[in-house]
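Peer 1: Quick one: this structure, given as structure tokens, is what I'll be asking you about.
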Amino acid sequence: MGHLAHGSAALIAVSLLTACTATTATKQTVKPAAAPDVSVAVTPRDRAGDVPTDETVVVAADSGTLKSVHVTSDHGRLAGVISDDGTRWRSNQTARPGTTYTVRTVAVNADGKRKESTSTFTTVKAKDTFDIAYITPNSNDTGLTVGVGMPIMITFDKPVTDRIAVERNLTVQTSKPVQGAWHWFDDRHVDFRPTEYWPARTKVRVEARLAGVRGGEGLYGKRDVRLDFRIGREQITRGSTQNHVLTVKRDGKVIRTMPMSAGQGGAWKFYTTSGVHLAMSREAVTVMTSPGIGPGEPGYYQLTVYNTVRISNSGEYVHSAPWSVGAQGNSNVSHGCVNVSPENAKWFLDNTLIGDPIIITGSPRVLEPTNGWGHWQENWKEWLKWSSLKDGPTTTF
């Protein structure tokens, strides 16, 4: 019995020992792998030369995001935007020719580790520059509140052959939506008009972002130009060489009717032209001379007339003609102008904005699109034939 007891005790002791010496599992912390470093790629490549001024500068981040991008030169900063996901920056402005730009970037990886980089590139040199010599409307000649027919007219000081590059950098912003297009009359003249007359009381901003824009082989834009103007009330005047009356409507309501006398015809130059004319100038006094006839020749005249509104380049005006009051309202006796009474001429001068449409019908002679501001003589399909980028909506502000 004692032997068995001893054996049992030993077994119990072993069991207790085993229970007391059991080990407890320890927790091990696994350190996550570090995020890869961010890498940044810049186009144009570092130290690139002869870069076209219209090449888009692109900065791209891999394994991270961009925090800042600055592209600068002695002329200032080249504007651009970072994408919504922060991985790409693109320039949205034309660089200047013959200029070295420095690209400075700051990017971070997923851990917030920062990386800065710097590169440079140099744009192609310009052989010559071009500029806007004249833009209409303007404060001096037309005023900055104009009629609903007013085109935007730009004249360059040198011929432009890269029309697409230039037109791409001409923008029109409006306070009311407008569909319109630019139209090249030749290499120095590009004009804008809407598909229909401007909405009354529209604010318009023209931006010609031409600094550095390629205008032709070795030819680059000299500067940016901005113009702000306003469309006034809608006033449209209609007259017929057959019923001899001018009717003026403002915002759709007749506000004045005026007996008129138009061109007597006979010789082609003595017909008043039919078509959509625009008021081009308002003159208190105008000296008119017989077209194509010199002093001493039959039919020569030189006449001082008052209160004139010019409507074409071929010598047509709406003007005061006290000598033809008896014919006004019943017959055509002028050499091509629209004659009205002194009282009506003064009223018309005072109540007309440059760019107001003056529509004449009934004459066999048709106003040419290039005769003054005959822009509305072309239908929209014809207008677009001479547009490099075709039509589109303006941006609104």
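Residues in the structure tokens are named by chain (A, B, ... in the order shown) and by number from 1 within that chain; ligands are numbered from 1 in the order shown.
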Would you pick out the contacts of stretch 377-392 of chain A at 9 Å or less, using only C-alpha atoms, so that residues sharing its chain but fewer than 6 positions from it are not included, and give the list as a ChimeraX atom specification?

Peer 2: /A:163-164,167-168,178-185,190,194-196,275-277,367-369

Peer 1: Write out as a list of chain:residue names each polymer residue whose atoms come within 12 Å of A:Asp111, counting only C-alpha atoms; drop sequence neighbours fewer than 6 positions from it.

Peer 2: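 Result of the neighbour search: A:Pro32, A:Ala33, A:Ala34, A:Ala35, A:Pro36, A:Asp37, A:Val38, A:Ser63, A:Gly64, A:Thr65.
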
Peer 1: Considering only C-alpha atoms, return as a list in words whatever protein or nucleic-acid residues lie within 8 Å of stretch 282-285 of chain A, sequence-local ones (same chain, fewer than 5 positions apart) excluded.

Peer 2: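 The residues satisfying every condition are Thr304, Val305, Tyr306, Asn307, Thr308, Val309, Arg310, Leu349 and Ile354 of chain A.
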
Peer 1: Just the selected residues (all heavy atoms), exported as a short mmCIF file (atom, residue, chain, number, x, y, z; two decimals), in the first residue's frame, please.

Peer 2:
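Result written to part.cif:
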```
data_model
loop_
_atom_site.label_atom_id
_atom_site.label_comp_id
_atom_site.auth_asym_id
_atom_site.auth_seq_id
_atom_site.Cartn_x
_atom_site.Cartn_y
_atom_site.Cartn_z
N THR A 304 -21.23 120.77 -97.26
CA THR A 304 -21.16 120.61 -95.81
C THR A 304 -22.54 120.23 -95.29
O THR A 304 -23.52 120.96 -95.52
CB THR A 304 -20.69 121.91 -95.14
OG1 THR A 304 -19.39 122.26 -95.63
CG2 THR A 304 -20.61 121.73 -93.63
N VAL A 305 -22.60 119.07 -94.62
CA VAL A 305 -23.89 118.61 -94.08
C VAL A 305 -23.74 118.41 -92.58
O VAL A 305 -22.64 118.27 -92.05
CB VAL A 305 -24.34 117.31 -94.77
CG1 VAL A 305 -24.63 117.54 -96.24
CG2 VAL A 305 -23.30 116.22 -94.61
N TYR A 306 -24.88 118.39 -91.92
CA TYR A 306 -24.89 118.38 -90.45
C TYR A 306 -25.64 117.16 -89.92
O TYR A 306 -26.52 116.60 -90.57
CB TYR A 306 -25.54 119.67 -89.93
CG TYR A 306 -24.79 120.90 -90.37
CD1 TYR A 306 -25.17 121.58 -91.55
CD2 TYR A 306 -23.70 121.38 -89.65
CE1 TYR A 306 -24.48 122.70 -91.97
CE2 TYR A 306 -23.00 122.50 -90.07
CZ TYR A 306 -23.39 123.16 -91.23
OH TYR A 306 -22.70 124.27 -91.66
N ASN A 307 -25.23 116.77 -88.69
CA ASN A 307 -25.89 115.68 -87.97
C ASN A 307 -25.95 114.42 -88.82
O ASN A 307 -27.01 113.98 -89.28
CB ASN A 307 -27.29 116.09 -87.50
CG ASN A 307 -27.23 117.23 -86.50
OD1 ASN A 307 -26.32 117.29 -85.66
ND2 ASN A 307 -28.18 118.15 -86.58
N THR A 308 -24.78 113.83 -89.03
CA THR A 308 -24.67 112.67 -89.91
C THR A 308 -24.34 111.41 -89.12
O THR A 308 -23.57 111.44 -88.15
CB THR A 308 -23.58 112.89 -90.97
OG1 THR A 308 -22.30 112.86 -90.36
CG2 THR A 308 -23.77 114.22 -91.69
N VAL A 309 -24.93 110.30 -89.55
CA VAL A 309 -24.61 108.97 -89.01
C VAL A 309 -24.12 108.13 -90.17
O VAL A 309 -24.87 107.83 -91.10
CB VAL A 309 -25.84 108.32 -88.34
CG1 VAL A 309 -25.50 106.89 -87.90
CG2 VAL A 309 -26.30 109.14 -87.14
N ARG A 310 -22.87 107.76 -90.12
CA ARG A 310 -22.26 107.00 -91.22
C ARG A 310 -22.69 105.54 -91.17
O ARG A 310 -22.70 104.91 -90.09
CB ARG A 310 -20.75 107.10 -91.11
CG ARG A 310 -19.98 106.37 -92.20
CD ARG A 310 -18.50 106.53 -91.93
NE ARG A 310 -17.68 105.75 -92.83
CZ ARG A 310 -16.38 105.57 -92.68
NH1 ARG A 310 -15.77 106.12 -91.63
NH2 ARG A 310 -15.69 104.85 -93.53
N LEU A 349 -29.17 111.38 -84.54
CA LEU A 349 -27.79 111.46 -84.06
C LEU A 349 -27.74 111.27 -82.54
O LEU A 349 -26.91 110.52 -82.02
CB LEU A 349 -27.18 112.80 -84.44
CG LEU A 349 -25.72 113.03 -84.01
CD1 LEU A 349 -24.78 112.27 -84.94
CD2 LEU A 349 -25.38 114.51 -84.02
N ILE A 354 -23.24 103.66 -81.65
CA ILE A 354 -22.40 103.02 -82.65
C ILE A 354 -22.66 101.51 -82.57
O ILE A 354 -22.65 100.92 -81.49
CB ILE A 354 -20.91 103.32 -82.42
CG1 ILE A 354 -20.68 104.84 -82.40
CG2 ILE A 354 -20.06 102.64 -83.49
CD1 ILE A 354 -21.11 105.55 -83.65
#
```

Peer 1: Tell me which protein, DNA and RNA residues are within 10 Å of stretch 217-231 of chain A, counting only C-alpha atoms, leaving out same-chain ones fewer than 4 positions away, and put them as a PyMOL selection string.

Peer 2: chain A and resi 53+94+96-97+124-132+135-139+143-150+152+158-162+166+169-175+198-213+353+355-356

Peer 1: Excluding A:Ala327 and its own-chain neighbours fewer than 3 positions away, which residues fall within 10 Å of it when counting only C-alpha atoms? Please give them as a count of residues only.

Peer 2: 14

Peer 1: Quick one: pick out all strand (DSSP E or B) residues within stretch 16-148 of chain A from a backbone DSSP run and write them as a PyMOL selection string.

Peer 2: chain A and resi 39-43+48-51+58-62+65-73+76-77+80-82+88-91+100-108+114-123+128-130+132-136+145-146

Peer 1: In Å, with one decimal, what is the gap from atom CA of A:Lys249 to atom CA of A:Trp376?

Peer 2: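 Spanning atom CA of A:Lys249 to atom CA of A:Trp376 is a straight-line distance of 18.4 Å.
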
Peer 1: For a test of reading the model, state the distance in Å between atom CA of A:Pro393 and atom CA of A:Phe192, rounded to one decimal.

Peer 2: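 We find that atom CA of A:Pro393 and atom CA of A:Phe192 lie 12.2 Å from each other.
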